[in-house]
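Listing of model_39.pdb, PDB, C-alpha atoms
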```
MODEL        1
ATOM      1  CA  MET A 110     -11.176  17.586 128.906
ATOM      2  CA  PHE A 111     -10.757  20.844 127.179
ATOM      3  CA  ARG A 112      -9.378  22.115 130.154
ATOM      4  CA  LYS A 113      -8.260  21.904 128.033
ATOM      5  CA  ALA A 114     -10.164  24.626 127.672
ATOM      6  CA  LYS A 115     -11.306  19.498 128.369
ATOM      7  CA  ALA A 116     -10.220  22.788 130.564
ATOM      8  CA  THR A 117      -6.757  21.816 130.098
ATOM      9  CA  GLN A 118      -3.253  23.219 130.293
ATOM     10  CA  LYS A 119      -2.351  23.933 126.729
ATOM     11  CA  ALA A 120       0.715  26.060 127.051
ATOM     12  CA  SER A 121       3.682  24.962 124.990
ATOM     13  CA  ILE A 122       6.218  23.184 127.184
ATOM     14  CA  PRO A 123       9.662  22.314 125.857
ATOM     15  CA  VAL A 124       9.467  18.644 126.656
ATOM     16  CA  ALA A 125      10.185  16.056 123.985
ATOM     17  CA  ALA A 126       7.375  13.802 122.840
ATOM     18  CA  LEU A 127       7.026  10.858 125.151
ATOM     19  CA  SER A 128       6.590   7.221 124.195
ATOM     20  CA  LEU A 129       5.739   4.539 126.720
ATOM     21  CA  VAL A 130       5.123   0.911 125.809
ATOM     22  CA  LEU A 131       3.490  -1.430 128.292
ATOM     23  CA  ALA A 132       3.869  -5.097 127.423
ATOM     24  CA  ALA A 133       1.754  -7.921 128.759
ATOM     25  CA  ALA A 134       0.561 -11.397 127.978
ATOM     26  CA  PRO A 135      -1.016 -12.104 124.569
ATOM     27  CA  ILE A 136      -4.754 -12.066 123.984
ATOM     28  CA  GLY A 137      -6.185 -15.529 123.887
ATOM     29  CA  ALA A 138      -4.657 -17.515 121.084
ATOM     30  CA  ARG A 139      -3.032 -14.649 119.166
ATOM     31  CA  ALA A 140      -0.075 -16.480 117.691
ATOM     32  CA  ALA A 141       1.777 -13.291 116.838
ATOM     33  CA  GLY A 142       1.762 -12.153 120.445
ATOM     34  CA  PRO A 143      -0.100  -9.306 122.127
ATOM     35  CA  ALA A 144      -1.781  -6.718 119.970
ATOM     36  CA  THR A 145      -0.456  -3.164 120.127
ATOM     37  CA  ILE A 146      -2.763  -0.182 120.530
ATOM     38  CA  ALA A 147      -1.772   3.493 120.666
ATOM     39  CA  LEU A 148      -3.114   6.275 122.884
ATOM     40  CA  VAL A 149      -2.272   9.823 121.766
ATOM     41  CA  PRO A 150      -3.129  12.392 124.466
ATOM     42  CA  GLY A 151      -3.783  16.074 123.972
ATOM     43  CA  ILE A 152      -0.484  16.912 125.662
ATOM     44  CA  THR A 153       1.881  14.544 127.450
ATOM     45  CA  THR A 154       2.772  16.871 130.331
ATOM     46  CA  ASP A 155      -0.745  17.722 131.508
ATOM     47  CA  PRO A 156      -2.039  16.133 134.753
ATOM     48  CA  PHE A 157      -5.401  15.448 133.108
ATOM     49  CA  TYR A 158      -3.774  13.227 130.496
ATOM     50  CA  ILE A 159      -1.272  11.762 132.923
ATOM     51  CA  THR A 160      -4.300  10.673 134.948
ATOM     52  CA  MET A 161      -5.810   9.233 131.763
ATOM     53  CA  GLN A 162      -2.634   7.181 131.259
ATOM     54  CA  ARG A 163      -2.963   5.905 134.831
ATOM     55  CA  GLY A 164      -6.357   4.465 133.896
ATOM     56  CA  ALA A 165      -5.345   3.098 130.511
ATOM     57  CA  ALA A 166      -2.079   1.414 131.474
ATOM     58  CA  PRO A 167      -3.410  -1.040 134.111
ATOM     59  CA  GLU A 168      -6.341  -1.951 131.857
ATOM     60  CA  ALA A 169      -3.996  -2.719 128.958
ATOM     61  CA  LYS A 170      -1.859  -4.889 131.187
ATOM     62  CA  LYS A 171      -4.904  -6.716 132.536
ATOM     63  CA  LEU A 172      -6.247  -7.404 129.049
ATOM     64  CA  GLY A 173      -2.914  -8.454 127.542
ATOM     65  CA  LEU A 174      -2.372  -5.500 125.215
ATOM     66  CA  ASN A 175       0.736  -3.508 124.390
ATOM     67  CA  LEU A 176      -0.021   0.181 124.912
ATOM     68  CA  ILE A 177       1.960   2.883 123.147
ATOM     69  CA  TRP A 178       1.542   6.266 124.856
ATOM     70  CA  GLN A 179       2.906   9.015 122.651
ATOM     71  CA  GLY A 180       2.010  12.641 122.098
ATOM     72  CA  GLY A 181       3.204  16.193 121.666
ATOM     73  CA  SER A 182       4.375  18.600 124.332
ATOM     74  CA  SER A 183       1.887  21.339 123.412
ATOM     75  CA  TRP A 184      -1.840  21.424 122.733
ATOM     76  CA  SER A 185      -1.957  21.941 118.986
ATOM     77  CA  ALA A 186      -2.660  20.126 115.756
ATOM     78  CA  GLU A 187       0.831  21.112 114.603
ATOM     79  CA  SER A 188       2.315  19.184 117.518
ATOM     80  CA  GLN A 189      -0.038  16.213 117.310
ATOM     81  CA  ILE A 190      -0.148  15.463 113.581
ATOM     82  CA  PRO A 191       3.543  14.414 113.278
ATOM     83  CA  VAL A 192       3.006  12.028 116.194
ATOM     84  CA  LEU A 193       0.054  10.458 114.385
ATOM     85  CA  GLN A 194       2.034  10.180 111.144
ATOM     86  CA  ALA A 195       4.845   8.383 112.951
ATOM     87  CA  LEU A 196       2.387   6.020 114.646
ATOM     88  CA  LEU A 197       0.626   5.242 111.376
ATOM     89  CA  ALA A 198       3.885   3.775 110.086
ATOM     90  CA  LYS A 199       3.857   1.388 113.077
ATOM     91  CA  HIS A 200       0.303   0.280 112.202
ATOM     92  CA  PRO A 201      -1.192  -0.189 115.684
ATOM     93  CA  ALA A 202      -4.225  -2.424 115.890
ATOM     94  CA  VAL A 203      -6.413   0.409 117.281
ATOM     95  CA  LEU A 204      -5.835   4.149 117.659
ATOM     96  CA  LEU A 205      -7.097   5.988 120.729
ATOM     97  CA  VAL A 206      -6.692   9.733 120.281
ATOM     98  CA  VAL A 207      -7.544  13.034 121.951
ATOM     99  CA  PRO A 208      -8.047  15.299 118.910
ATOM    100  CA  THR A 209      -6.605  18.753 119.560
ATOM    101  CA  ASP A 210      -8.606  20.259 116.704
ATOM    102  CA  ASP A 211     -11.995  19.081 115.481
ATOM    103  CA  THR A 212     -11.244  19.790 111.810
ATOM    104  CA  ALA A 213      -7.453  19.681 111.393
ATOM    105  CA  LEU A 214      -7.345  16.133 112.755
ATOM    106  CA  ILE A 215      -9.925  14.749 110.325
ATOM    107  CA  ASN A 216      -7.480  13.896 107.536
ATOM    108  CA  PRO A 217      -4.824  12.326 109.819
ATOM    109  CA  ILE A 218      -7.514  10.182 111.444
ATOM    110  CA  LYS A 219      -8.941   9.259 108.052
ATOM    111  CA  GLN A 220      -5.525   7.893 107.099
ATOM    112  CA  PHE A 221      -5.810   5.403 109.965
ATOM    113  CA  VAL A 222      -9.324   4.460 108.928
ATOM    114  CA  ASP A 223      -8.175   3.972 105.327
ATOM    115  CA  ALA A 224      -5.460   1.670 106.681
ATOM    116  CA  HIS A 225      -8.193  -0.383 108.406
ATOM    117  CA  ILE A 226      -7.179   0.807 111.877
ATOM    118  CA  PRO A 227     -10.230   1.533 114.064
ATOM    119  CA  VAL A 228     -10.181   4.905 115.820
ATOM    120  CA  ILE A 229     -11.685   5.858 119.188
ATOM    121  CA  ALA A 230     -11.792   9.539 120.169
ATOM    122  CA  VAL A 231     -11.215  10.226 123.853
ATOM    123  CA  ASP A 232     -12.069  13.420 125.746
ATOM    124  CA  GLU A 233     -12.414  15.517 122.578
ATOM    125  CA  THR A 234     -13.767  14.600 119.148
ATOM    126  CA  ILE A 235     -13.766  15.618 115.492
ATOM    127  CA  SER A 236     -16.539  17.152 113.423
ATOM    128  CA  ASP A 237     -16.749  14.075 111.183
ATOM    129  CA  ALA A 238     -17.731  11.493 113.774
ATOM    130  CA  SER A 239     -18.477   8.928 111.068
ATOM    131  CA  LEU A 240     -14.760   8.106 111.084
ATOM    132  CA  LEU A 241     -14.901   7.022 114.714
ATOM    133  CA  VAL A 242     -15.892   3.710 116.216
ATOM    134  CA  SER A 243     -16.605   5.407 119.521
ATOM    135  CA  GLN A 244     -16.358   8.748 121.328
ATOM    136  CA  ILE A 245     -15.692   8.937 125.065
ATOM    137  CA  THR A 246     -15.963  12.244 126.876
ATOM    138  CA  SER A 247     -17.240  13.948 129.995
ATOM    139  CA  ASN A 248     -20.845  15.045 130.209
ATOM    140  CA  ASN A 249     -20.000  18.722 129.971
ATOM    141  CA  SER A 250     -23.615  19.887 130.030
ATOM    142  CA  GLN A 251     -24.135  17.997 133.277
ATOM    143  CA  GLY A 252     -20.994  19.599 134.676
ATOM    144  CA  GLY A 253     -22.213  23.078 133.818
ATOM    145  CA  ALA A 254     -25.591  22.349 135.387
ATOM    146  CA  ALA A 255     -23.896  21.077 138.548
ATOM    147  CA  ALA A 256     -21.920  24.344 138.716
ATOM    148  CA  ALA A 257     -25.157  26.338 138.510
ATOM    149  CA  ASP A 258     -26.780  24.270 141.248
ATOM    150  CA  ALA A 259     -23.744  24.739 143.507
ATOM    151  CA  ILE A 260     -23.856  28.531 143.191
ATOM    152  CA  ALA A 261     -27.642  28.617 143.626
ATOM    153  CA  LYS A 262     -27.372  26.618 146.833
ATOM    154  CA  PHE A 263     -24.595  28.881 148.143
ATOM    155  CA  ALA A 264     -26.569  32.063 147.367
ATOM    156  CA  GLY A 265     -29.968  30.946 148.556
ATOM    157  CA  GLU A 266     -31.196  30.930 144.949
ATOM    158  CA  SER A 267     -30.956  34.708 144.577
ATOM    159  CA  GLY A 268     -28.465  37.159 143.045
ATOM    160  CA  ASP A 269     -26.294  37.891 140.024
ATOM    161  CA  VAL A 270     -23.898  35.340 138.529
ATOM    162  CA  ALA A 271     -21.363  35.331 135.692
ATOM    163  CA  VAL A 272     -19.400  32.924 133.524
ATOM    164  CA  ILE A 273     -15.769  33.273 132.540
ATOM    165  CA  ASN A 274     -15.131  30.955 129.622
ATOM    166  CA  VAL A 275     -12.094  30.375 127.407
ATOM    167  CA  LYS A 276     -13.226  31.495 123.965
ATOM    168  CA  PRO A 277     -16.230  30.768 121.735
ATOM    169  CA  GLY A 278     -16.161  27.701 119.531
ATOM    170  CA  ILE A 279     -14.631  25.113 121.890
ATOM    171  CA  PRO A 280     -17.317  22.393 122.037
ATOM    172  CA  THR A 281     -16.534  21.125 125.532
ATOM    173  CA  ALA A 282     -16.322  24.569 127.131
ATOM    174  CA  ASP A 283     -19.366  25.781 125.206
ATOM    175  CA  ALA A 284     -21.352  22.797 126.487
ATOM    176  CA  ARG A 285     -20.374  23.667 130.063
ATOM    177  CA  GLN A 286     -21.474  27.245 129.558
ATOM    178  CA  LYS A 287     -24.760  26.198 127.972
ATOM    179  CA  GLY A 288     -25.451  23.682 130.735
ATOM    180  CA  PHE A 289     -24.800  26.371 133.327
ATOM    181  CA  VAL A 290     -27.029  28.992 131.690
ATOM    182  CA  THR A 291     -29.839  26.511 131.052
ATOM    183  CA  GLU A 292     -29.803  25.241 134.628
ATOM    184  CA  MET A 293     -29.591  28.742 136.088
ATOM    185  CA  ALA A 294     -32.807  29.645 134.242
ATOM    186  CA  LYS A 295     -34.587  27.324 136.689
ATOM    187  CA  TYR A 296     -33.889  29.826 139.471
ATOM    188  CA  PRO A 297     -36.149  32.865 138.841
ATOM    189  CA  LYS A 298     -34.336  35.131 141.317
ATOM    190  CA  MET A 299     -30.926  34.526 139.779
ATOM    191  CA  ASN A 300     -29.556  36.366 136.762
ATOM    192  CA  VAL A 301     -26.633  35.545 134.470
ATOM    193  CA  VAL A 302     -25.392  39.102 133.995
ATOM    194  CA  ALA A 303     -22.183  38.481 132.042
ATOM    195  CA  ILE A 304     -20.256  35.935 129.992
ATOM    196  CA  GLU A 305     -16.601  36.830 129.478
ATOM    197  CA  TYR A 306     -13.694  35.088 127.718
ATOM    198  CA  ASP A 307     -10.121  34.880 128.993
ATOM    199  CA  ASP A 308      -8.268  33.140 126.110
ATOM    200  CA  ASP A 309      -7.093  30.431 128.518
ATOM    201  CA  SER A 310      -5.187  32.981 130.624
ATOM    202  CA  PRO A 311      -5.544  33.009 134.431
ATOM    203  CA  THR A 312      -4.196  36.562 134.418
ATOM    204  CA  LYS A 313      -6.940  37.744 132.086
ATOM    205  CA  ALA A 314      -9.548  35.806 134.083
ATOM    206  CA  PHE A 315      -8.284  37.556 137.235
ATOM    207  CA  THR A 316      -8.724  40.986 135.641
ATOM    208  CA  GLU A 317     -12.126  40.178 134.191
ATOM    209  CA  ALA A 318     -13.396  38.861 137.517
ATOM    210  CA  GLN A 319     -12.208  41.988 139.323
ATOM    211  CA  LEU A 320     -14.084  44.186 136.851
ATOM    212  CA  LEU A 321     -17.231  42.096 137.194
ATOM    213  CA  LEU A 322     -17.126  42.369 140.983
ATOM    214  CA  LEU A 323     -16.890  46.150 140.715
ATOM    215  CA  LYS A 324     -19.637  46.439 138.101
ATOM    216  CA  TYR A 325     -22.132  44.102 139.768
ATOM    217  CA  PRO A 326     -22.394  44.709 143.533
ATOM    218  CA  HIS A 327     -24.945  41.905 143.883
ATOM    219  CA  MET A 328     -22.658  39.276 142.363
ATOM    220  CA  VAL A 329     -22.991  36.023 144.297
ATOM    221  CA  GLY A 330     -21.105  33.566 142.087
ATOM    222  CA  ILE A 331     -18.779  33.139 139.123
ATOM    223  CA  PHE A 332     -18.291  29.947 137.127
ATOM    224  CA  GLY A 333     -14.862  29.399 135.563
ATOM    225  CA  THR A 334     -15.283  26.833 132.796
ATOM    226  CA  ASN A 335     -11.739  25.472 132.933
ATOM    227  CA  THR A 336      -8.632  25.289 135.064
ATOM    228  CA  PHE A 337      -7.172  28.680 134.242
ATOM    229  CA  SER A 338     -10.522  30.465 134.368
ATOM    230  CA  ALA A 339     -11.263  29.086 137.824
ATOM    231  CA  GLU A 340      -7.793  29.865 139.123
ATOM    232  CA  GLY A 341      -7.982  33.496 137.955
ATOM    233  CA  VAL A 342     -11.506  33.982 139.298
ATOM    234  CA  GLY A 343     -10.641  32.475 142.659
ATOM    235  CA  ARG A 344      -7.626  34.689 143.158
ATOM    236  CA  ALA A 345      -9.629  37.781 142.131
ATOM    237  CA  VAL A 346     -12.373  37.023 144.644
ATOM    238  CA  ALA A 347      -9.781  36.559 147.376
ATOM    239  CA  ALA A 348      -7.881  39.725 146.397
ATOM    240  CA  THR A 349     -11.027  41.866 146.548
ATOM    241  CA  GLY A 350     -12.043  40.588 149.969
ATOM    242  CA  LYS A 351     -15.042  38.700 148.610
ATOM    243  CA  LYS A 352     -14.017  35.237 149.776
ATOM    244  CA  GLY A 353     -17.036  33.642 151.412
ATOM    245  CA  LYS A 354     -19.353  36.210 149.824
ATOM    246  CA  VAL A 355     -18.939  35.309 146.149
ATOM    247  CA  ASP A 356     -19.028  31.635 145.260
ATOM    248  CA  VAL A 357     -16.353  30.367 142.852
ATOM    249  CA  VAL A 358     -16.967  27.141 140.949
ATOM    250  CA  GLY A 359     -14.381  25.690 138.589
ATOM    251  CA  PHE A 360     -13.745  22.699 136.338
ATOM    252  CA  ASP A 361     -11.081  19.984 136.747
ATOM    253  CA  ALA A 362      -8.812  19.156 139.652
ATOM    254  CA  LEU A 363      -5.181  20.031 139.021
ATOM    255  CA  PRO A 364      -2.975  20.342 142.115
ATOM    256  CA  GLU A 365      -3.154  24.154 142.035
ATOM    257  CA  GLU A 366      -6.957  24.091 141.890
ATOM    258  CA  VAL A 367      -7.192  21.492 144.645
ATOM    259  CA  GLN A 368      -5.090  23.687 146.909
ATOM    260  CA  LEU A 369      -7.406  26.654 146.257
ATOM    261  CA  LEU A 370     -10.362  24.366 146.948
ATOM    262  CA  LYS A 371      -8.945  23.326 150.304
ATOM    263  CA  GLU A 372      -8.308  26.976 151.163
ATOM    264  CA  GLY A 373     -11.904  27.872 150.324
ATOM    265  CA  VAL A 374     -10.860  30.282 147.563
ATOM    266  CA  ILE A 375     -12.623  27.956 145.127
ATOM    267  CA  THR A 376     -15.616  26.399 146.851
ATOM    268  CA  THR A 377     -16.584  23.757 144.296
ATOM    269  CA  LEU A 378     -14.769  21.832 141.564
ATOM    270  CA  ILE A 379     -16.525  19.877 138.829
ATOM    271  CA  ILE A 380     -14.085  17.030 138.231
ATOM    272  CA  GLN A 381     -13.833  15.014 135.062
ATOM    273  CA  ARG A 382     -12.834  11.333 135.114
ATOM    274  CA  PRO A 383      -9.863  10.978 132.758
ATOM    275  CA  ALA A 384      -8.698   7.706 134.304
ATOM    276  CA  GLU A 385     -12.061   6.139 133.512
ATOM    277  CA  GLU A 386     -11.961   7.602 129.987
ATOM    278  CA  GLY A 387      -8.592   5.903 129.452
ATOM    279  CA  ARG A 388      -9.739   2.622 130.953
ATOM    280  CA  LEU A 389     -12.876   2.498 128.816
ATOM    281  CA  ALA A 390     -10.957   3.351 125.639
ATOM    282  CA  VAL A 391      -8.643   0.394 126.209
ATOM    283  CA  GLN A 392     -11.571  -1.885 127.043
ATOM    284  CA  TYR A 393     -13.332  -0.890 123.827
ATOM    285  CA  ALA A 394     -10.143  -1.474 121.816
ATOM    286  CA  TYR A 395      -9.954  -4.955 123.298
ATOM    287  CA  ASP A 396     -13.601  -5.616 122.406
ATOM    288  CA  ILE A 397     -13.009  -4.480 118.813
ATOM    289  CA  LEU A 398      -9.998  -6.752 118.462
ATOM    290  CA  ASN A 399     -11.972  -9.695 119.779
ATOM    291  CA  GLY A 400     -14.910  -9.381 117.422
ATOM    292  CA  LYS A 401     -17.220  -7.563 119.836
ATOM    293  CA  SER A 402     -17.524  -4.231 118.037
ATOM    294  CA  SER A 403     -21.293  -4.365 118.409
ATOM    295  CA  ALA A 404     -20.823  -4.076 122.177
ATOM    296  CA  VAL A 405     -18.895  -0.810 121.841
ATOM    297  CA  PRO A 406     -21.161   2.227 122.287
ATOM    298  CA  LYS A 407     -20.940   4.969 119.674
ATOM    299  CA  VAL A 408     -20.983   7.758 122.273
ATOM    300  CA  VAL A 409     -20.181   7.684 125.990
ATOM    301  CA  GLN A 410     -20.598  10.686 128.283
ATOM    302  CA  LEU A 411     -19.304  10.247 131.811
ATOM    303  CA  ASP A 412     -20.886  12.211 134.632
ATOM    304  CA  ASN A 413     -18.525  14.454 136.572
ATOM    305  CA  ILE A 414     -17.669  14.395 140.262
ATOM    306  CA  VAL A 415     -18.557  17.372 142.460
ATOM    307  CA  ALA A 416     -15.969  18.257 145.116
ATOM    308  CA  THR A 417     -16.369  21.022 147.682
ATOM    309  CA  THR A 418     -14.112  22.580 150.281
ATOM    310  CA  ALA A 419     -15.957  20.504 152.885
ATOM    311  CA  THR A 420     -15.331  17.219 151.037
ATOM    312  CA  ALA A 421     -11.837  17.909 149.665
ATOM    313  CA  ASN A 422     -10.149  15.633 152.213
ATOM    314  CA  ASP A 423     -12.638  12.792 151.829
ATOM    315  CA  PRO A 424     -10.733   9.843 150.257
ATOM    316  CA  ASN A 425     -13.788   8.971 148.157
ATOM    317  CA  VAL A 426     -13.555  12.430 146.560
ATOM    318  CA  ALA A 427      -9.789  12.956 146.642
ATOM    319  CA  ARG A 428      -9.213   9.832 144.560
ATOM    320  CA  TYR A 429     -10.532  11.764 141.564
ATOM    321  CA  PHE A 430      -7.956  14.565 141.861
ATOM    322  CA  TYR A 431      -5.579  14.571 138.907
ATOM    323  CA  GLN A 432      -2.129  13.029 139.232
ATOM    324  CA  THR A 433       1.256  14.315 138.064
ATOM    325  CA  GLU A 434       3.202  11.062 137.634
ATOM    326  CA  MET A 435       2.565   8.387 135.014
ATOM    327  CA  LEU A 436       2.588   4.667 135.668
ATOM    328  CA  HIS A 437       5.531   2.773 134.182
TER     329      HIS A 437
ENDMDL
END
```
Transcribe the structure of this file into structure tokens.
Amino acid sequence: MFRKAKATQKASIPVAALSLVLAAAPIGARAAGPATIALVPGITTDPFYITMQRGAAPEAKKLGLNLIWQGGSSWSAESQIPVLQALLAKHPAVLLVVPTDDTALINPIKQFVDAHIPVIAVDETISDASLLVSQITSNNSQGGAAAADAIAKFAGESGDVAVINVKPGIPTADARQKGFVTEMAKYPKMNVVAIEYDDDSPTKAFTEAQLLLLKYPHMVGIFGTNTFSAEGVGRAVAATGKKGKVDVVGFDALPEEVQLLKEGVITTLIIQRPAEEGRLAVQYAYDILNGKSSAVPKVVQLDNIVATTATANDPNVARYFYQTEMLH
């Protein structure tokens, strides 16, 4: 989810690392009792990962697994690596992890592999995928393409558009941007006139969007590739009196974004499925532990959900909005 810039809220929050253990019945004939698996999120306080926990926890209970949920309170390798080191000493049967850095997490993950603990990457990944049994993430290219289609439909397939991204080099956000630009090329009367970066700051995204609206009078849409980008863009469009004239499409579905969606400040949200990512990760861990590793796919990309102001109150859409309370 870089809402990670999986578009996500990465600000440091002074909350202690959280550990939650969910116990259930043993698997089959495991004499030693239920196996324990660990899920390490990108940040424990983020609604995206809280929603992931809400998918993983019921699946673990259903399958008879103990689930340890433990992570840092900020999005950083420095916060996450000590958590992994502490978990390694507990020797879980399988590690499920959201790597906060695609290179800095290689060695910590390799330590699990060397200890014969299978590792599944969830939401993000590492540059050495050979260490992983499986990778589960959103289809970020599809999400970017869906954003382009939404703006094209709003604008009658004509006009200038822009992207406000986080920063170069974040694979998930880059894939969204690339998907958007590639899809927009299918509309000959539409032009991507600018790609800006906001360093994960809604304030900077606000300023950048205001400048773009002044510079390009024919601007018809702006795509914010993560939560903070979309929030800043939406507020800038509203502040400049362009609401309803300039389409704003964002990624993810935090409560703040959902409120802006319902108000029509953001017209479309591309929503990831963290609960399903968590559920699948637990299911794959179960399969590995029961000798069915061959059934576990190496790479899974989940399509995103498209929510609009018109569908925001539809229960079939609203069920994908991110939650703020974990299951216990």
Practice problem: Run the PyMOL selection byres ((chain A and resi 300) around 12) mentally over the shown coordinates, then write out the matched residues as a PyMOL selection string, using the chain letters and numbers from the document. | Solution: chain A and resi 257+260-261+264+266-272+289-299+301-304+325+327-331
Self-check item: Picked residues, the PyMOL selection byres ((chain A and resi 184) around 6), as a PyMOL selection string
Solution: chain A and resi 119+151-152+183+185
Self-check item: Test item: the PyMOL selection byres ((chain A and resi 221) around 10) resolved as a ChimeraX atom specification
Solution: /A:193-194,196-198,200-204,216-220,222-228,240
Quiz item: Taking only C-alpha atoms into account, which of A:Leu148, A:Ile379, A:Val231, A:Leu370 comes nearest A:Gln410?
Solution: A:Val231
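The smallest atom-to-atom distance between A:Ile397 and any of A:Glu365, A:Ile235, A:Gln162, A:Ile229, using all atoms listed in the file, is found for A:Ile229.
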Practice problem: For each of A:Gly278, A:Gly180, A:Gly253, A:Pro208, take the minimum atom-to-atom distance to A:Ile159, counting only C-alpha atoms, then give the residue where this is smallest. | Solution: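 Smallest distance to A:Ile159 is found for A:Gly180.
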Quiz item: What does the distance from atom CA of A:Ser338 to atom CA of A:Lys352 come to in Å, to one decimal?
Solution: 16.5 Å
Exercise. Grab the atom CA of A:Gly265 to atom CA of A:Thr418 distance for me, in Å with one decimal place.
Key: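 Computed distance, atom CA of A:Gly265 to atom CA of A:Thr418, equals 18.0 Å.
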My structure is short of atoms at stretch 334-347 of chain A; please model N, CA and C atoms there, returning them as a compact mmCIF listing (two decimals), in the coordinates of the input.
```
# COMPACT_ATOMS: atom_id res chain seq x y z
N THR A 334 -15.00 28.08 133.53
CA THR A 334 -15.28 26.83 132.80
C THR A 334 -14.08 25.93 132.62
N ASN A 335 -12.88 26.38 132.99
CA ASN A 335 -11.74 25.47 132.93
C ASN A 335 -10.74 25.82 134.02
N THR A 336 -9.63 25.13 134.01
CA THR A 336 -8.63 25.29 135.06
C THR A 336 -8.19 26.73 135.23
N PHE A 337 -7.75 27.34 134.15
CA PHE A 337 -7.17 28.68 134.24
C PHE A 337 -8.23 29.72 134.56
N SER A 338 -9.43 29.55 134.04
CA SER A 338 -10.52 30.46 134.37
C SER A 338 -10.81 30.43 135.86
N ALA A 339 -10.94 29.22 136.41
CA ALA A 339 -11.26 29.09 137.82
C ALA A 339 -10.15 29.64 138.71
N GLU A 340 -8.92 29.37 138.33
CA GLU A 340 -7.79 29.86 139.12
C GLU A 340 -7.79 31.39 139.17
N GLY A 341 -7.97 32.04 138.00
CA GLY A 341 -7.98 33.50 137.96
C GLY A 341 -9.14 34.09 138.73
N VAL A 342 -10.33 33.49 138.58
CA VAL A 342 -11.51 33.98 139.30
C VAL A 342 -11.31 33.85 140.80
N GLY A 343 -10.83 32.69 141.23
CA GLY A 343 -10.64 32.48 142.66
C GLY A 343 -9.69 33.48 143.28
N ARG A 344 -8.61 33.74 142.62
CA ARG A 344 -7.63 34.69 143.16
C ARG A 344 -8.18 36.12 143.16
N ALA A 345 -9.02 36.45 142.17
CA ALA A 345 -9.63 37.78 142.13
C ALA A 345 -10.62 37.97 143.28
N VAL A 346 -11.41 36.94 143.54
CA VAL A 346 -12.37 37.02 144.64
C VAL A 346 -11.64 37.19 145.97
N ALA A 347 -10.56 36.44 146.14
CA ALA A 347 -9.78 36.56 147.38
C ALA A 347 -9.14 37.94 147.49
```
